[in-house]
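Student: Sharing a structure, written as structure tokens. Questions coming.
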Number of protein chains: 2
Amino acid sequence: MKQKVTPKTLSGFMELLPAEQLVFDKMKNVIEDTYRSFGFVGLDTPVLELSEVLLAKAGGDTEKQIYRFKKGDNDLCMRFDLTVPLARYVAEHQNELTFPFKRYQISKSYRGERPQKGRFREFYQADVDIIGSEKLAVVYDAEVPAIMYHVFKKLGLNGFCIKINNRKLMNGFYESLNLTEQSAEISRIIDKMDKIGVENVKACLKDMDLSDVLIEKIIAFTEINGKSEVVLEKISAFNIQNELFETGLNELKFVSQAMQNLGVSDKNFEIDLKITRGLDYYTGTVYETFVDGHQGWGSICSGGRYENLAGYYTDRKLPGVGMSIGLTRFFDLLRDQKMILPMAQTPADVLVLPMDEEALLYALKVASFLREHGFNVQTNASDGKFKNKMTYANKLQVPFVLILGENEVQSQTVTLKNMQTGEQSCLAYDELPNALKSFLEKNSYKTLKVIQNESK
Amino acid sequence: MKQKVTPKTLSGFMELLPAEQLVFDKMKNVIEDTYRSFGFVGLDTPVLELSEVLLAKAGGDTEKQIYRFKKGDNDLCMRFDLTVPLARYVAEHQNELTFPFKRYQISKSYRGERPQKGRFREFYQADVDIIGSEKLAVVYDAEVPAIMYHVFKKLGLNGFCIKINNRKLMNGFYESLNLTEQSAEISRIIDKMDKIGVENVKACLKDMDLSDVLIEKIIAFTEINGKSEVVLEKISAFNIQNELFETGLNELKFVSQAMQNLGVSDKNFEIDLKITRGLDYYTGTVYETFVDGHQGWGSICSGGRYENLAGYYTDRKLPGVGMSIGLTRFFDLLRDQKMILPMAQTPADVLVLPMDEEALLYALKVASFLREHGFNVQTNASDGKFKNKMTYANKLQVPFVLILGENEVQSQTVTLKNMQTGEQSCLAYDELPNALKSFLEKNSYKTLKVIQNESK
């Protein structure tokens, strides 16, 4: 026999054991169901794209990290994000799509980075984008963060804050100070406020030869943050006369109002004029999301409004707005902080344990009956002692066990054991669905929340 | 501005437009929910594996098709199936898993084949496997095809047949005829029966120097197929005295009985002694699945029982049983035959159409209220004429539209239009959930069947 090969995976690739995989899948399901509940269609573009197409825009560091190779005559890349494939898809199929086009994609992307804590070479992103043809109404700028709000609430995350700002407002503000040319650099400096502190920001601005008066004004303005009504008042107090500024302010007002109408609690949403997002790509509303007590994680869900999705592929103007959850990284952070609720090793609500061969055939019928009633049911048919069967049940951490022996087969009953309370009862088997129903409504794989918001 | 790059995908990669993507996703969801209802955990192994690990067993044609490349010091492969990664996973994590280990994986694999009709370079497989440590009860051989039966029924496919056979039965039969050495070659010839016809099979067997009496016996035996009771009687009539044969026959009997107890109708399941499966890998029960009237498709879902999953990675004996749906290919075949029910371009049950800016904020509230009640709701906020809004609704093929104008805002009502019947009614907005409920229970994205079994 050949020597054994050591079974192992590459570093930088997350692979989970069953209990954690179930949590991850549930998070993915909640995100997907919520995206769909807003009418988004899930795309599933290929992992491999032609290099000339995928790299039309990329460059620099991104390009170095890409998994790129030749096969036959083809020069191929594994995708490094979900935005470029979206741009390619919309441009390619523009005459077959209905605009506004609402798509989500929850898929893996690939970057051959040096492996380090919190960086993955294969990682899920969960993106939503709404793409218009030529124009796109501002209300969609409210819909996108509202979707994310509902996602996080359904996951059980309560302490989080979606922060929004508007690039037009900021650019109008700099324009009103005659700082249009310097605005990009100022933004980059302001973006570092949380990291380097206000004094260092001031020093950097001074290095740009800005006057103390200007610096104080910029700091005072960008430090504005909080509940939307208060913030909007503070901004008005600056009394700035500038058209772009006005447009941005009106958008910010409308988006705040619309988010409230979409059920977003003001406990989880703020305007913050420090939020800039690095990319030049964004032109209007921008978003970042922070978990309470974990500012150090940075934003777990970001995005914004852009003027044009697919300029490299088509002349048609395709404005859009979107946000993305970095799902693999988010999961890794939650896990590290023990913020994930412990789960069973199986999606089964009930484990059926027949005591002998006779009971086995009966067990299959009972399991099948429960599945017809919507339960997830696993049958364990291993022979062996009763104790071993219960050990199996304990290892899987399944909430209910059905014990089926000679007596149960003869009387067509079941012995139901609640594994959490230890309680045991004997039932006719058609009484089972009702007996299990109320417990499972609160606790089953399909409905249970997965995140607990206090770190242990 | 740089010249535009033509947006296109590689040939051999399936990419869908929204209406078809929704059908595909629904198929995937039905499969996943059914797998989970039997207590299986979904694995999600990396697409990229180390070549030395992934190719421990592979060779020949498979190896030529693999996407393999170097990045830094790593020699990498994209996976070409889901079985080798399963073997690697179970061997790697054997001390952390609970056996029997029930896993499913619905993921893409990659093969750089020459593109041709029905062959894909990126394709989904939907696998279930149950892995035991040292041994695994025969009842799981019944569970696996029962899962597939329920998957196909839930998808709306009614005319299909899962055919089962048992390798021990067949090998015992050949042993009883002193044909053990020739059995592999005979199996390969029998496997071609449907393609080349019985006369050619006889001729091939004659070329092996088998006597006419033996040939007649083999043909008579392997031509046995049909409902399990009838078949089991016919087999008994051969009166074969052989231990391996007896074991196989008992397994086949038990599996047939257990499948019935698991709710599998005998309309959709047969024993067929011609079924052999090419791979040496299988050692007991084997399965193939055919769609009525489409024998030419070959098997759409196959698998079997194997002695040892991971011999290349570990000395521990890991027997298992599994089946796999070739999902991308299956979808492509159904689509070609117009067997897929036409779908909307959106998962939304309801499209909310506000007539003006005032109504827009009200529309968001109504949409949010409906989502709380479990509906999928899309709001269209594009400005423009009423006619354009209705054109959008028609293009999306959404079942219901809510029209909200000045009147509706003032009276807090909605005008509900059923897009299939054209019927229109005015309701208080809290009456909506009940008004929509019964229709959507039968027709919504979550419950609608996607396959119609008669080709047009």
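Lettering and numbering for the structure tokens are positional, with chains as A, B, ... in the shown order, residues counted from 1 in each chain, and ligands counted from 1 in the shown order.
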Hey, list the chain A side of the contact with chain B: 7 Å cut-off, only C-alpha atoms, answer as an MDAnalysis selection string.
Tutor: chainID A and resid 4:10 13 15 18 21:22 36:41 43 45:46 49:50 53 56 69 88 91:92 137 258 261:263 312:314 346:348 361 364:365 368 371 375:378 381:382
Student: If DSSP is run on the backbone, what residues of region 215-349 of chain A are strand (DSSP E)? A reply as a list in words would be ideal.
Tutor: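 Answer for region 215-349 of chain A restricted to strand (DSSP E) is Asn225, Gly226, Phe269, Glu270, Ile271, Asp272, Tyr282, Thr283, Gly284, Thr285, Val286, Tyr287, Glu288, Thr289, Phe290, Val291, Cys301, Ser302, Gly303, Gly304, Arg305, Tyr306, Gly320, Val321, Gly322, Met323, Ser324, Ile325 and Gly326 of chain A.
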Student: If you measure from CA of Asp129 (chain B) to CA of Leu157 (chain B), what distance in Å do you get, rounded to one decimal?
Tutor: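 Going from CA of Asp129 (chain B) over to CA of Leu157 (chain B), I get 22.7 Å.
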Student: Using only C-alpha atoms, can you tell me which of A:Ile162, A:Met419, A:Leu86, A:Leu169 comes closest to Gly303 (chain A)?
Tutor: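 The closest residue to Gly303 (chain A) is A:Ile162.
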Student: So that I can check the surroundings of Leu436 (chain A), please list as a PyMOL selection string every protein, DNA and RNA residue that reaches within 12 Å of it, counting only C-alpha atoms and ignoring chain neighbours fewer than 5 positions away.
Tutor: chain A and resi 349-350+370+373-377+399-402+416-418+425+427+429-431+441-444
Student: Only C-alpha atoms, please: the residues just picked out, written as a tab-separated table (two decimals), in the first residue's frame.
Tutor:
```
chain	number	residue	atom	x	y	z
A	349	ASP	CA	-34.91	18.49	16.17
A	350	VAL	CA	-35.43	14.87	17.12
A	370	LEU	CA	-42.51	13.63	11.77
A	373	HIS	CA	-45.03	17.51	9.73
A	374	GLY	CA	-42.01	19.70	9.05
A	375	PHE	CA	-39.58	18.42	11.67
A	376	ASN	CA	-35.93	17.61	11.06
A	377	VAL	CA	-35.43	14.05	12.20
A	399	PRO	CA	-33.03	18.61	21.82
A	400	PHE	CA	-35.35	15.55	21.78
A	401	VAL	CA	-34.86	11.80	21.68
A	402	LEU	CA	-37.48	9.17	20.87
A	416	LEU	CA	-40.17	11.07	24.25
A	417	LYS	CA	-37.22	12.42	26.18
A	418	ASN	CA	-36.48	16.12	26.51
A	425	SER	CA	-43.20	10.84	28.61
A	427	LEU	CA	-47.27	9.25	23.82
A	429	TYR	CA	-47.20	8.57	17.96
A	430	ASP	CA	-49.75	10.80	16.27
A	431	GLU	CA	-49.67	13.05	19.36
A	441	GLU	CA	-41.14	27.01	17.42
A	442	LYS	CA	-38.93	28.72	19.93
A	443	ASN	CA	-35.84	26.58	19.61
A	444	SER	CA	-35.53	24.86	16.27
```
Student: Compile the contact shell of Tyr306 (chain A) as a ChimeraX atom specification: residues with an atom at most 8 Å away, counting only C-alpha atoms, same-chain residues fewer than 5 positions apart removed.
Tutor: /A:281-284,319-321
Student: Can you spit out the residues from that selection as a short mmCIF file (atom, residue, chain, number, x, y, z; two decimals), in the first residue's frame, using C-alpha atoms?
Tutor:
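The result, written out as result06.cif:
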```cif
data_model
loop_
_atom_site.label_atom_id
_atom_site.label_comp_id
_atom_site.auth_asym_id
_atom_site.auth_seq_id
_atom_site.Cartn_x
_atom_site.Cartn_y
_atom_site.Cartn_z
CA TYR A 281 -16.02 55.22 -6.44
CA TYR A 282 -18.68 56.50 -4.01
CA THR A 283 -20.50 59.73 -4.84
CA GLY A 284 -23.47 60.12 -2.47
CA PRO A 319 -25.80 54.24 -11.16
CA GLY A 320 -26.26 52.09 -8.10
CA VAL A 321 -26.20 51.73 -4.36
#
```
Student: List every residue of region 266-420 of chain B that DSSP, applied to the backbone of this structure, assigns to alpha helix (DSSP H), and report them as an NGL selection string.
Tutor: :B and (327-336 or 357-372 or 386-396 or 406-411)
Student: Set the distance at 10 Å and use only C-alpha atoms: which residues neighbour Ile224 (chain B) once local chain neighbours fewer than 2 positions away are removed? I'd like the list as JSON, numbers by chain.
Tutor: {"B": [219, 220, 221, 222, 226, 230, 231, 232, 234, 235, 271, 272, 273, 274]}
